[in-house]
$ cat entry15.cif   # mmCIF, C-alpha atoms
data_run
#
loop_
_atom_site.group_PDB
_atom_site.id
_atom_site.type_symbol
_atom_site.label_atom_id
_atom_site.label_comp_id
_atom_site.auth_asym_id
_atom_site.auth_seq_id
_atom_site.Cartn_x
_atom_site.Cartn_y
_atom_site.Cartn_z
ATOM 1 C CA MET A 1 139.284 -37.603 111.967
ATOM 2 C CA ILE A 2 136.831 -34.816 112.712
ATOM 3 C CA SER A 3 136.356 -31.332 111.290
ATOM 4 C CA ILE A 4 134.697 -29.091 113.884
ATOM 5 C CA ILE A 5 132.817 -26.128 112.385
ATOM 6 C CA ILE A 6 131.788 -23.194 114.594
ATOM 7 C CA PRO A 7 129.820 -20.266 113.117
ATOM 8 C CA THR A 8 130.112 -17.040 115.093
ATOM 9 C CA TYR A 9 128.865 -13.471 114.980
ATOM 10 C CA ASN A 10 130.026 -10.690 117.334
ATOM 11 C CA ARG A 11 130.724 -13.146 120.130
ATOM 12 C CA ILE A 12 134.449 -13.112 120.666
ATOM 13 C CA ASP A 13 133.996 -13.231 124.459
ATOM 14 C CA THR A 14 131.802 -16.327 124.483
ATOM 15 C CA LEU A 15 133.860 -18.046 121.785
ATOM 16 C CA GLU A 16 136.979 -17.590 123.886
ATOM 17 C CA LEU A 17 135.268 -19.320 126.799
ATOM 18 C CA VAL A 18 134.095 -22.363 124.817
ATOM 19 C CA LEU A 19 137.035 -22.952 122.454
ATOM 20 C CA PRO A 20 139.186 -24.923 124.939
ATOM 21 C CA SER A 21 136.490 -27.595 125.191
ATOM 22 C CA TYR A 22 136.725 -28.209 121.438
ATOM 23 C CA PHE A 23 140.505 -28.388 121.327
ATOM 24 C CA ILE A 24 140.657 -31.134 123.976
ATOM 25 C CA GLN A 25 138.361 -33.510 122.065
ATOM 26 C CA LYS A 26 139.646 -36.801 120.645
ATOM 27 C CA GLU A 27 140.232 -37.350 116.904
ATOM 28 C CA VAL A 28 139.945 -33.690 115.903
ATOM 29 C CA GLY A 29 141.861 -32.840 112.739
ATOM 30 C CA GLU A 30 140.848 -29.181 112.358
ATOM 31 C CA ILE A 31 138.654 -26.501 113.875
ATOM 32 C CA ILE A 32 137.005 -24.090 111.449
ATOM 33 C CA ILE A 33 135.735 -20.731 112.714
ATOM 34 C CA VAL A 34 133.330 -19.027 110.298
ATOM 35 C CA ASP A 35 132.977 -15.372 111.263
ATOM 36 C CA ASP A 36 129.754 -14.007 109.761
ATOM 37 C CA ASN A 37 131.173 -10.553 109.004
ATOM 38 C CA SER A 38 131.354 -9.531 112.679
ATOM 39 C CA LEU A 39 132.297 -6.106 113.950
ATOM 40 C CA ASP A 40 134.385 -7.811 116.646
ATOM 41 C CA ASN A 41 138.100 -8.221 115.980
ATOM 42 C CA TYR A 42 138.735 -11.961 116.273
ATOM 43 C CA ALA A 43 142.414 -11.771 115.283
ATOM 44 C CA PRO A 44 143.897 -11.706 118.831
ATOM 45 C CA LEU A 45 141.820 -14.727 119.884
ATOM 46 C CA ILE A 46 142.706 -16.693 116.756
ATOM 47 C CA ASP A 47 146.426 -15.924 117.139
ATOM 48 C CA LYS A 48 146.349 -16.890 120.821
ATOM 49 C CA ALA A 49 144.596 -20.206 120.102
ATOM 50 C CA ARG A 50 146.970 -21.088 117.261
ATOM 51 C CA LYS A 51 149.962 -20.583 119.550
ATOM 52 C CA LYS A 52 148.439 -22.578 122.395
ATOM 53 C CA TYR A 53 147.040 -25.627 120.543
ATOM 54 C CA SER A 54 148.544 -27.971 117.976
ATOM 55 C CA ILE A 55 145.247 -28.690 116.179
ATOM 56 C CA PRO A 56 144.983 -26.506 113.031
ATOM 57 C CA LEU A 57 142.618 -23.569 113.452
ATOM 58 C CA ILE A 58 141.131 -22.189 110.233
ATOM 59 C CA TYR A 59 139.515 -18.765 110.356
ATOM 60 C CA ILE A 60 137.152 -17.577 107.618
ATOM 61 C CA LYS A 61 135.446 -14.184 107.613
ATOM 62 C CA ASN A 62 132.410 -13.776 105.369
ATOM 63 C CA GLN A 63 132.448 -10.661 103.228
ATOM 64 C CA ASN A 64 128.726 -10.239 103.869
ATOM 65 C CA ASN A 65 126.452 -11.335 106.691
ATOM 66 C CA LEU A 66 125.063 -14.677 105.523
ATOM 67 C CA GLY A 67 123.346 -15.813 108.706
ATOM 68 C CA ALA A 68 124.158 -18.975 110.643
ATOM 69 C CA ALA A 69 122.867 -21.303 107.910
ATOM 70 C CA GLY A 70 124.971 -19.607 105.243
ATOM 71 C CA SER A 71 128.004 -19.718 107.524
ATOM 72 C CA ARG A 72 127.505 -23.438 108.091
ATOM 73 C CA ASN A 73 127.457 -23.977 104.344
ATOM 74 C CA VAL A 74 130.720 -22.019 104.037
ATOM 75 C CA GLY A 75 132.318 -24.250 106.660
ATOM 76 C CA LEU A 76 131.128 -27.412 104.930
ATOM 77 C CA LYS A 77 132.785 -26.382 101.665
ATOM 78 C CA ILE A 78 136.260 -26.273 103.198
ATOM 79 C CA ALA A 79 136.037 -29.075 105.795
ATOM 80 C CA LYS A 80 138.442 -31.833 104.761
ATOM 81 C CA TYR A 81 137.935 -34.664 107.254
ATOM 82 C CA ASP A 82 135.517 -37.568 107.075
ATOM 83 C CA MET A 83 133.472 -36.615 110.150
ATOM 84 C CA ILE A 84 131.738 -33.295 110.916
ATOM 85 C CA LEU A 85 130.980 -32.009 114.398
ATOM 86 C CA TRP A 86 129.066 -28.761 114.701
ATOM 87 C CA GLY A 87 130.041 -26.381 117.452
ATOM 88 C CA GLU A 88 128.495 -23.155 118.681
ATOM 89 C CA ASP A 89 130.099 -19.998 120.029
ATOM 90 C CA ASP A 90 127.948 -20.208 123.172
ATOM 91 C CA ALA A 91 128.083 -23.950 123.841
ATOM 92 C CA PHE A 92 130.874 -26.115 125.234
ATOM 93 C CA LEU A 93 131.538 -29.848 125.331
ATOM 94 C CA ASP A 94 132.106 -32.444 127.988
ATOM 95 C CA SER A 95 135.734 -33.600 127.821
ATOM 96 C CA LYS A 96 134.761 -36.982 126.303
ATOM 97 C CA TYR A 97 132.048 -35.780 123.932
ATOM 98 C CA THR A 98 133.650 -36.946 120.673
ATOM 99 C CA GLU A 99 135.315 -39.974 122.268
ATOM 100 C CA ILE A 100 131.970 -41.396 123.337
ATOM 101 C CA LEU A 101 130.032 -40.394 120.219
ATOM 102 C CA LEU A 102 132.662 -41.970 117.974
ATOM 103 C CA LYS A 103 131.956 -45.355 119.580
ATOM 104 C CA HIS A 104 128.569 -45.295 117.887
ATOM 105 C CA VAL A 105 129.313 -43.833 114.440
ATOM 106 C CA ASN A 106 131.872 -44.305 111.705
ATOM 107 C CA PRO A 107 132.667 -42.383 108.504
ATOM 108 C CA LYS A 108 131.326 -45.119 106.231
ATOM 109 C CA GLY A 109 128.104 -45.698 108.155
ATOM 110 C CA ASN A 110 124.657 -44.157 107.861
ATOM 111 C CA THR A 111 124.341 -42.975 111.453
ATOM 112 C CA ALA A 112 124.733 -39.559 113.107
ATOM 113 C CA ILE A 113 124.515 -38.903 116.832
ATOM 114 C CA CYS A 114 124.271 -36.215 119.499
ATOM 115 C CA GLY A 115 124.634 -36.319 123.259
ATOM 116 C CA ALA A 116 122.501 -34.678 125.936
ATOM 117 C CA ILE A 117 122.481 -30.882 126.128
ATOM 118 C CA TYR A 118 121.959 -28.863 129.305
ATOM 119 C CA TYR A 119 121.122 -25.171 129.373
ATOM 120 C CA GLY A 120 122.110 -22.237 131.529
ATOM 121 C CA LEU A 121 125.697 -23.297 132.304
ATOM 122 C CA LEU A 122 129.071 -21.576 132.018
ATOM 123 C CA PRO A 123 132.570 -23.144 131.833
ATOM 124 C CA TYR A 124 133.730 -21.503 135.053
ATOM 125 C CA TYR A 125 130.872 -22.826 137.206
ATOM 126 C CA THR A 126 131.942 -25.131 140.016
ATOM 127 C CA ASN A 127 131.166 -28.834 139.807
ATOM 128 C CA GLU A 128 128.527 -28.343 142.471
ATOM 129 C CA GLN A 129 126.842 -25.534 140.543
ATOM 130 C CA MET A 130 126.838 -27.513 137.308
ATOM 131 C CA GLN A 131 125.583 -30.682 138.930
ATOM 132 C CA SER A 132 122.719 -28.852 140.608
ATOM 133 C CA ILE A 133 121.522 -27.324 137.327
ATOM 134 C CA ILE A 134 121.931 -30.593 135.419
ATOM 135 C CA GLU A 135 120.078 -32.661 138.010
ATOM 136 C CA GLU A 136 117.159 -30.243 137.956
ATOM 137 C CA GLN A 137 116.893 -30.496 134.160
ATOM 138 C CA ILE A 138 117.135 -34.300 134.246
ATOM 139 C CA LYS A 139 114.368 -34.363 136.861
ATOM 140 C CA THR A 140 112.123 -32.171 134.697
ATOM 141 C CA ALA A 141 112.892 -34.269 131.615
ATOM 142 C CA SER A 142 111.949 -37.511 133.360
ATOM 143 C CA ASN A 143 108.264 -36.663 132.951
ATOM 144 C CA LYS A 144 108.567 -35.829 129.251
ATOM 145 C CA LYS A 145 108.813 -37.829 126.056
ATOM 146 C CA LEU A 146 112.228 -37.941 124.405
ATOM 147 C CA PHE A 147 110.569 -36.564 121.285
ATOM 148 C CA ASP A 148 107.170 -34.890 121.116
ATOM 149 C CA PHE A 149 105.644 -35.262 117.644
ATOM 150 C CA ASN A 150 102.828 -32.847 118.478
ATOM 151 C CA PHE A 151 105.224 -29.895 118.540
ATOM 152 C CA PHE A 152 108.334 -31.474 117.012
ATOM 153 C CA GLU A 153 110.515 -30.887 120.036
ATOM 154 C CA GLY A 154 113.173 -33.136 121.484
ATOM 155 C CA CYS A 155 113.852 -33.339 125.218
ATOM 156 C CA TYR A 156 117.589 -33.888 125.075
ATOM 157 C CA GLN A 157 118.153 -33.725 128.803
ATOM 158 C CA LYS A 158 116.473 -37.087 129.246
ATOM 159 C CA ASN A 159 118.420 -40.034 130.660
ATOM 160 C CA VAL A 160 118.182 -43.096 128.402
ATOM 161 C CA LYS A 161 119.625 -46.575 128.908
ATOM 162 C CA GLU A 162 120.555 -47.153 125.268
ATOM 163 C CA LEU A 163 120.808 -45.370 121.938
ATOM 164 C CA CYS A 164 117.477 -43.935 120.818
ATOM 165 C CA GLU A 165 116.656 -43.069 117.230
ATOM 166 C CA ILE A 166 115.187 -39.585 116.792
ATOM 167 C CA PRO A 167 113.897 -37.513 113.833
ATOM 168 C CA PHE A 168 116.455 -34.816 114.586
ATOM 169 C CA GLY A 169 118.730 -33.741 117.411
ATOM 170 C CA HIS A 170 120.158 -30.447 118.583
ATOM 171 C CA ALA A 171 122.852 -28.472 116.766
ATOM 172 C CA LEU A 172 125.970 -30.162 118.209
ATOM 173 C CA LEU A 173 125.686 -33.243 116.025
ATOM 174 C CA LEU A 174 128.430 -35.629 114.906
ATOM 175 C CA ALA A 175 127.861 -37.031 111.415
ATOM 176 C CA PRO A 176 129.856 -38.577 108.567
ATOM 177 C CA ARG A 177 130.985 -36.016 105.994
ATOM 178 C CA SER A 178 129.116 -38.021 103.344
ATOM 179 C CA PHE A 179 125.819 -37.029 104.978
ATOM 180 C CA TYR A 180 126.321 -33.565 103.520
ATOM 181 C CA ASP A 181 126.926 -34.646 99.927
ATOM 182 C CA ASN A 182 123.273 -33.879 99.155
ATOM 183 C CA VAL A 183 122.434 -31.679 102.143
ATOM 184 C CA THR A 184 122.806 -27.943 102.603
ATOM 185 C CA TYR A 185 121.578 -25.696 105.371
ATOM 186 C CA PHE A 186 118.453 -23.933 104.120
ATOM 187 C CA GLU A 187 118.978 -20.176 104.319
ATOM 188 C CA GLY A 188 115.300 -19.239 104.338
ATOM 189 C CA TYR A 189 114.897 -19.324 108.123
ATOM 190 C CA LYS A 190 115.180 -15.689 109.107
ATOM 191 C CA VAL A 191 116.092 -13.637 112.198
ATOM 192 C CA ASN A 192 116.646 -16.394 114.797
ATOM 193 C CA GLY A 193 117.343 -19.295 112.408
ATOM 194 C CA PHE A 194 114.887 -21.506 114.292
ATOM 195 C CA ARG A 195 114.601 -24.946 112.613
ATOM 196 C CA GLU A 196 117.692 -24.598 110.399
ATOM 197 C CA GLU A 197 119.534 -27.490 112.113
ATOM 198 C CA SER A 198 116.368 -29.592 112.169
ATOM 199 C CA ASP A 199 115.859 -28.914 108.456
ATOM 200 C CA ALA A 200 119.327 -30.215 107.554
ATOM 201 C CA GLN A 201 118.852 -33.308 109.684
ATOM 202 C CA ILE A 202 115.488 -34.096 108.087
ATOM 203 C CA GLN A 203 117.234 -33.880 104.720
ATOM 204 C CA MET A 204 119.627 -36.541 106.049
ATOM 205 C CA LEU A 205 116.694 -38.816 106.898
ATOM 206 C CA LYS A 206 115.275 -38.349 103.418
ATOM 207 C CA ASN A 207 118.593 -39.646 102.063
ATOM 208 C CA GLY A 208 118.184 -42.873 104.046
ATOM 209 C CA ASN A 209 120.340 -41.966 107.054
ATOM 210 C CA HIS A 210 119.580 -42.283 110.764
ATOM 211 C CA ILE A 211 120.072 -39.988 113.767
ATOM 212 C CA PHE A 212 120.487 -41.204 117.339
ATOM 213 C CA TYR A 213 120.587 -39.725 120.821
ATOM 214 C CA THR A 214 122.624 -40.847 123.815
ATOM 215 C CA SER A 215 122.797 -39.483 127.359
ATOM 216 C CA GLU A 216 126.167 -41.149 127.874
ATOM 217 C CA THR A 217 127.869 -37.817 127.188
ATOM 218 C CA CYS A 218 126.737 -34.209 127.008
ATOM 219 C CA CYS A 219 127.357 -30.616 126.048
ATOM 220 C CA TYR A 220 126.352 -27.388 127.739
ATOM 221 C CA HIS A 221 124.692 -24.208 126.486
ATOM 222 C CA PHE A 222 125.203 -20.755 127.969
ATOM 223 C CA PRO A 223 122.296 -18.859 129.551
ATOM 224 C CA GLY A 224 120.318 -17.135 126.806
ATOM 225 C CA ASN A 225 120.952 -13.657 128.201
ATOM 226 C CA PHE A 226 124.688 -14.114 128.800
ATOM 227 C CA ASN A 227 125.801 -12.200 125.706
ATOM 228 C CA LYS A 228 123.195 -10.085 123.944
ATOM 229 C CA LYS A 229 125.659 -8.450 121.557
ATOM 230 C CA GLY A 230 125.733 -11.156 118.881
ATOM 231 C CA GLY A 231 124.353 -14.485 117.753
ATOM 232 C CA GLN A 232 120.769 -15.359 116.939
ATOM 233 C CA HIS A 233 119.308 -14.660 120.396
ATOM 234 C CA ASN A 234 120.054 -10.937 120.437
ATOM 235 C CA ASN A 235 116.610 -9.912 119.188
ATOM 236 C CA LEU A 236 113.733 -8.626 121.287
ATOM 237 C CA ARG A 237 111.868 -11.494 122.959
ATOM 238 C CA LEU A 238 108.666 -10.774 121.004
ATOM 239 C CA THR A 239 110.547 -10.722 117.683
ATOM 240 C CA TYR A 240 112.327 -13.952 118.551
ATOM 241 C CA GLU A 241 109.088 -15.748 119.409
ATOM 242 C CA ILE A 242 107.267 -14.469 116.316
ATOM 243 C CA TYR A 243 110.008 -15.849 114.096
ATOM 244 C CA LYS A 244 109.931 -19.164 115.910
ATOM 245 C CA ILE A 245 106.329 -19.462 114.740
ATOM 246 C CA ILE A 246 107.092 -18.228 111.211
ATOM 247 C CA ASN A 247 110.135 -20.458 110.753
ATOM 248 C CA ASN A 248 108.304 -23.472 112.119
ATOM 249 C CA ALA A 249 105.578 -22.933 109.517
ATOM 250 C CA ILE A 250 108.259 -22.835 106.787
ATOM 251 C CA PHE A 251 109.750 -26.058 108.162
ATOM 252 C CA MET A 252 106.369 -27.797 108.155
ATOM 253 C CA LYS A 253 105.668 -26.704 104.596
ATOM 254 C CA ARG A 254 109.032 -28.068 103.479
ATOM 255 C CA HIS A 255 109.000 -31.393 105.301
ATOM 256 C CA TYR A 256 105.668 -32.334 106.884
ATOM 257 C CA ASN A 257 104.461 -34.618 104.096
ATOM 258 C CA TYR A 258 107.608 -36.703 104.485
ATOM 259 C CA LEU A 259 107.435 -36.642 108.290
ATOM 260 C CA LYS A 260 103.772 -37.624 108.267
ATOM 261 C CA LYS A 261 104.465 -40.661 106.120
ATOM 262 C CA ARG A 262 107.718 -41.651 107.851
ATOM 263 C CA PHE A 263 106.329 -41.478 111.404
ATOM 264 C CA SER A 264 102.631 -42.271 110.739
ATOM 265 C CA LEU A 265 101.447 -38.893 111.966
ATOM 266 C CA HIS A 266 97.981 -37.348 111.863
ATOM 267 C CA GLY A 267 97.002 -33.871 110.811
ATOM 268 C CA THR A 268 98.282 -31.449 108.196
ATOM 269 C CA ALA A 269 101.156 -29.008 107.971
ATOM 270 C CA VAL A 270 98.701 -26.194 108.702
ATOM 271 C CA THR A 271 97.219 -27.809 111.824
ATOM 272 C CA LYS A 272 100.692 -28.649 113.144
ATOM 273 C CA SER A 273 101.856 -25.069 112.522
ATOM 274 C CA VAL A 274 98.814 -23.617 114.296
ATOM 275 C CA SER A 275 99.246 -25.990 117.248
ATOM 276 C CA PHE A 276 102.879 -24.963 117.564
ATOM 277 C CA ALA A 277 101.930 -21.276 117.467
ATOM 278 C CA PHE A 278 99.431 -21.683 120.341
ATOM 279 C CA TYR A 279 101.939 -23.821 122.244
ATOM 280 C CA THR A 280 104.635 -21.128 121.879
ATOM 281 C CA ILE A 281 102.282 -18.318 122.922
ATOM 282 C CA HIS A 282 101.080 -20.323 125.929
ATOM 283 C CA ASN A 283 104.661 -20.975 127.076
ATOM 284 C CA ASP A 284 105.502 -17.295 126.731
ATOM 285 C CA PHE A 285 102.532 -16.238 128.853
ATOM 286 C CA CYS A 286 103.533 -18.798 131.498
ATOM 287 C CA ILE A 287 107.076 -17.376 131.587
ATOM 288 C CA ILE A 288 105.796 -13.783 131.800
ATOM 289 C CA PHE A 289 103.310 -14.717 134.555
ATOM 290 C CA LYS A 290 106.045 -16.467 136.538
ATOM 291 C CA LYS A 291 108.315 -13.405 136.295
ATOM 292 C CA ILE A 292 105.524 -11.089 137.436
ATOM 293 C CA LYS A 293 104.667 -13.426 140.308
ATOM 294 C CA ASN A 294 108.322 -13.546 141.448
ATOM 295 C CA LYS A 295 108.572 -9.747 141.356
ATOM 296 C CA VAL A 296 105.366 -9.368 143.364
ATOM 297 C CA GLU A 297 106.586 -11.849 145.966
ATOM 298 C CA THR A 298 109.939 -10.037 146.150
ATOM 299 C CA PHE A 299 108.127 -6.700 146.609
ATOM 300 C CA LYS A 300 105.963 -8.164 149.400
ATOM 301 C CA GLY A 301 109.050 -9.561 151.094
ATOM 302 C CA GLU A 302 110.593 -6.124 151.218
#
$ encode --input "entry15.cif" --output "structure tokens"
Amino acid sequence: MISIIIPTYNRIDTLELVLPSYFIQKEVGEIIIVDDNSLDNYAPLIDKARKKYSIPLIYIKNQNNLGAAGSRNVGLKIAKYDMILWGEDDAFLDSKYTEILLKHVNPKGNTAICGAIYYGLLPYYTNEQMQSIIEEQIKTASNKKLFDFNFFEGCYQKNVKELCEIPFGHALLLAPRSFYDNVTYFEGYKVNGFREESDAQIQMLKNGNHIFYTSETCCYHFPGNFNKKGGQHNNLRLTYEIYKIINNAIFMKRHYNYLKKRFSLHGTAVTKSVSFAFYTIHNDFCIIFKKIKNKVETFKGE
């Protein structure tokens, strides 16, 4: 059976939209909501869900704001089943997400797994809308590596014919509970929490475990600007990007020596951190330039 753990912060509206996709999954024994001391009143939503679904819903509210990593650690302490699936308050699952992932992992094994993840989707989109967005992301991913060791980024929209082992996946990972016996979410990644899931999964590798990716099933992430009231994406864009660079440097300092040896990599933690910083800045300028170009073209059209 599976314990699903979903950290949340001031996102009652988005959580309400994604919760049904977690309750319909196979082999779920409990769903744990860890409220990181939100200002939102979650009580009506929790009561409504408990009346509607038979799966036990456990609600924990932190007395202080611990951040997403701290909230994940709270959830781990009370989870009682032998498999852990992480959820997010702005991400929802395909109806067979756990059913398909469970074919490839078992509680006594040393394997964790995640499916594909597509961005910019909402549960109430039509099938045509969803398919159009997904196909575009699959097309873009076809020209990319599944995992880029230069910048330590996975392309988890890529279609693959079989299971592929990866250094780490995205947040919505299914893993045996035993994986967390010697793993905690590092709480030193500040502001946007960038790299906190990757950090925990690298700890799993260090313990002799393996992580795989399949495109046989998938999950979906909301557009980044859908709800700016809560979560880790509610900071100014510049602040968010600065802390991506800072948190990546922390991640490299913590784990690069192991990663270099495990995957026969070249360079140092410093050179990898600098490369990532330039890569992030370049991407941001490209996004800004594209927005300016679109506005200019719109203005000319008028």
$ resolve_selection --input "entry15.cif" --expression "the PyMOL selection byres ((chain A and resi 214-216) around 6)" --output "PDB file with C-alpha atoms, in the coordinates of the input"
ATOM      1  CA  GLY A 115     124.634 -36.319 123.259  1.00  0.00           C
ATOM      2  CA  ALA A 116     122.501 -34.678 125.936  1.00  0.00           C
ATOM      3  CA  ASN A 159     118.420 -40.034 130.660  1.00  0.00           C
ATOM      4  CA  VAL A 160     118.182 -43.096 128.402  1.00  0.00           C
ATOM      5  CA  LEU A 163     120.808 -45.370 121.938  1.00  0.00           C
ATOM      6  CA  TYR A 213     120.587 -39.725 120.821  1.00  0.00           C
ATOM      7  CA  THR A 217     127.869 -37.817 127.188  1.00  0.00           C
TER       8      THR A 217
END
$ residues_around --input "entry15.cif" --residues "A:Gly75" --least-positions-apart "6" --cutoff "12 Å" --atoms "all atoms listed in the file" --output "compact mmCIF listing (two decimals) with C-alpha atoms, in the coordinates of the input"
# COMPACT_ATOMS: atom_id res chain seq x y z
CA SER A 3 136.36 -31.33 111.29
CA ILE A 4 134.70 -29.09 113.88
CA ILE A 5 132.82 -26.13 112.38
CA ILE A 6 131.79 -23.19 114.59
CA PRO A 7 129.82 -20.27 113.12
CA THR A 8 130.11 -17.04 115.09
CA GLU A 30 140.85 -29.18 112.36
CA ILE A 31 138.65 -26.50 113.88
CA ILE A 32 137.00 -24.09 111.45
CA ILE A 33 135.74 -20.73 112.71
CA VAL A 34 133.33 -19.03 110.30
CA ASP A 35 132.98 -15.37 111.26
CA ASP A 36 129.75 -14.01 109.76
CA ILE A 58 141.13 -22.19 110.23
CA TYR A 59 139.51 -18.76 110.36
CA ILE A 60 137.15 -17.58 107.62
CA LYS A 61 135.45 -14.18 107.61
CA ASN A 62 132.41 -13.78 105.37
CA ALA A 68 124.16 -18.98 110.64
CA ALA A 69 122.87 -21.30 107.91
CA TYR A 81 137.94 -34.66 107.25
CA ILE A 84 131.74 -33.30 110.92
CA LEU A 85 130.98 -32.01 114.40
CA TRP A 86 129.07 -28.76 114.70
CA GLY A 87 130.04 -26.38 117.45
CA ARG A 177 130.99 -36.02 105.99
CA TYR A 180 126.32 -33.56 103.52
CA THR A 184 122.81 -27.94 102.60
CA TYR A 185 121.58 -25.70 105.37
$ resolve_selection --input "entry15.cif" --expression "the PyMOL selection byres ((chain A and resi 15) around 10)" --output "PDB file with C-alpha atoms, in the frame of the given file"
ATOM      1  CA  ILE A   6     131.788 -23.194 114.594  1.00  0.00           C
ATOM      2  CA  PRO A   7     129.820 -20.266 113.117  1.00  0.00           C
ATOM      3  CA  THR A   8     130.112 -17.040 115.093  1.00  0.00           C
ATOM      4  CA  TYR A   9     128.865 -13.471 114.980  1.00  0.00           C
ATOM      5  CA  ASN A  10     130.026 -10.690 117.334  1.00  0.00           C
ATOM      6  CA  ARG A  11     130.724 -13.146 120.130  1.00  0.00           C
ATOM      7  CA  ILE A  12     134.449 -13.112 120.666  1.00  0.00           C
ATOM      8  CA  ASP A  13     133.996 -13.231 124.459  1.00  0.00           C
ATOM      9  CA  THR A  14     131.802 -16.327 124.483  1.00  0.00           C
ATOM     10  CA  GLU A  16     136.979 -17.590 123.886  1.00  0.00           C
ATOM     11  CA  LEU A  17     135.268 -19.320 126.799  1.00  0.00           C
ATOM     12  CA  VAL A  18     134.095 -22.363 124.817  1.00  0.00           C
ATOM     13  CA  LEU A  19     137.035 -22.952 122.454  1.00  0.00           C
ATOM     14  CA  PRO A  20     139.186 -24.923 124.939  1.00  0.00           C
ATOM     15  CA  ILE A  33     135.735 -20.731 112.714  1.00  0.00           C
ATOM     16  CA  TYR A  42     138.735 -11.961 116.273  1.00  0.00           C
ATOM     17  CA  LEU A  45     141.820 -14.727 119.884  1.00  0.00           C
ATOM     18  CA  GLU A  88     128.495 -23.155 118.681  1.00  0.00           C
ATOM     19  CA  ASP A  89     130.099 -19.998 120.029  1.00  0.00           C
ATOM     20  CA  ASP A  90     127.948 -20.208 123.172  1.00  0.00           C
ATOM     21  CA  ALA A  91     128.083 -23.950 123.841  1.00  0.00           C
ATOM     22  CA  PHE A  92     130.874 -26.115 125.234  1.00  0.00           C
TER      23      PHE A  92
END
$ closest_residue --input "entry15.cif" --among "A:Phe194, A:Phe149, A:Tyr220, A:Tyr125" --to "A:Lys260" --atoms "all atoms listed in the file"
A:Phe149
$ residues_around --input "entry15.cif" --residues "A:Tyr189" --least-positions-apart "5" --cutoff "9 Å" --atoms "only C-alpha atoms" --output "PyMOL selection string"
chain A and resi 69+194-196+243+246-248+250-251
$ resolve_selection --input "entry15.cif" --expression "the PyMOL selection byres ((chain A and resi 271) around 12)" --output "PyMOL selection string"
chain A and resi 150-151+248-249+252-253+256+265-270+272-278
$ axis_aligned_box --input "entry15.cif" --around "stretch 86-104 of chain A" --padding-each-side "8 Å" --output "AutoDock Vina command-line options"
--center_x 131.8 --center_y -32.7 --center_z 121.3 --size_x 23.8 --size_y 41.4 --size_z 29.3
$ closest_residue --input "entry15.cif" --among "A:Asn209, A:Glu241, A:Lys261, A:Gln203" --to "A:Asn283" --atoms "all atoms listed in the file"
A:Glu241
$ closest_residue --input "entry15.cif" --among "A:Lys144, A:Lys158, A:Lys139, A:His170" --to "A:Ile113" --atoms "only C-alpha atoms"
A:His170
$ atom_distance --input "entry15.cif" --atom1 "atom CA of A:Gln201" --atom2 "atom CA of A:Ser264"
18.6 Å
$ atom_distance --input "entry15.cif" --atom1 "atom CA of A:His210" --atom2 "atom CA of A:Thr111"
4.9 Å
$ atom_distance --input "entry15.cif" --atom1 "atom CA of A:Leu174" --atom2 "atom CA of A:Ala112"
5.7 Å
$ closest_residue --input "entry15.cif" --among "A:Asn143, A:Asn257, A:Gln157, A:Asn37" --to "A:Gln63" --atoms "only C-alpha atoms"
A:Asn37
$ residues_around --input "entry15.cif" --residues "stretch 127-132 of chain A" --least-positions-apart "6" --cutoff "12 Å" --atoms "all atoms listed in the file" --output "JSON, numbers by chain"
{"A": [94, 118, 119, 120, 121, 138, 139, 219, 220, 221, 222]}
$ write_last_selection --input "entry15.cif" --atoms "C-alpha atoms" --output "PDB file, in the coordinates of the input"
ATOM      1  CA  ASP A  94     132.106 -32.444 127.988  1.00  0.00           C
ATOM      2  CA  TYR A 118     121.959 -28.863 129.305  1.00  0.00           C
ATOM      3  CA  TYR A 119     121.122 -25.171 129.373  1.00  0.00           C
ATOM      4  CA  GLY A 120     122.110 -22.237 131.529  1.00  0.00           C
ATOM      5  CA  LEU A 121     125.697 -23.297 132.304  1.00  0.00           C
ATOM      6  CA  ILE A 138     117.135 -34.300 134.246  1.00  0.00           C
ATOM      7  CA  LYS A 139     114.368 -34.363 136.861  1.00  0.00           C
ATOM      8  CA  CYS A 219     127.357 -30.616 126.048  1.00  0.00           C
ATOM      9  CA  TYR A 220     126.352 -27.388 127.739  1.00  0.00           C
ATOM     10  CA  HIS A 221     124.692 -24.208 126.486  1.00  0.00           C
ATOM     11  CA  PHE A 222     125.203 -20.755 127.969  1.00  0.00           C
TER      12      PHE A 222
END
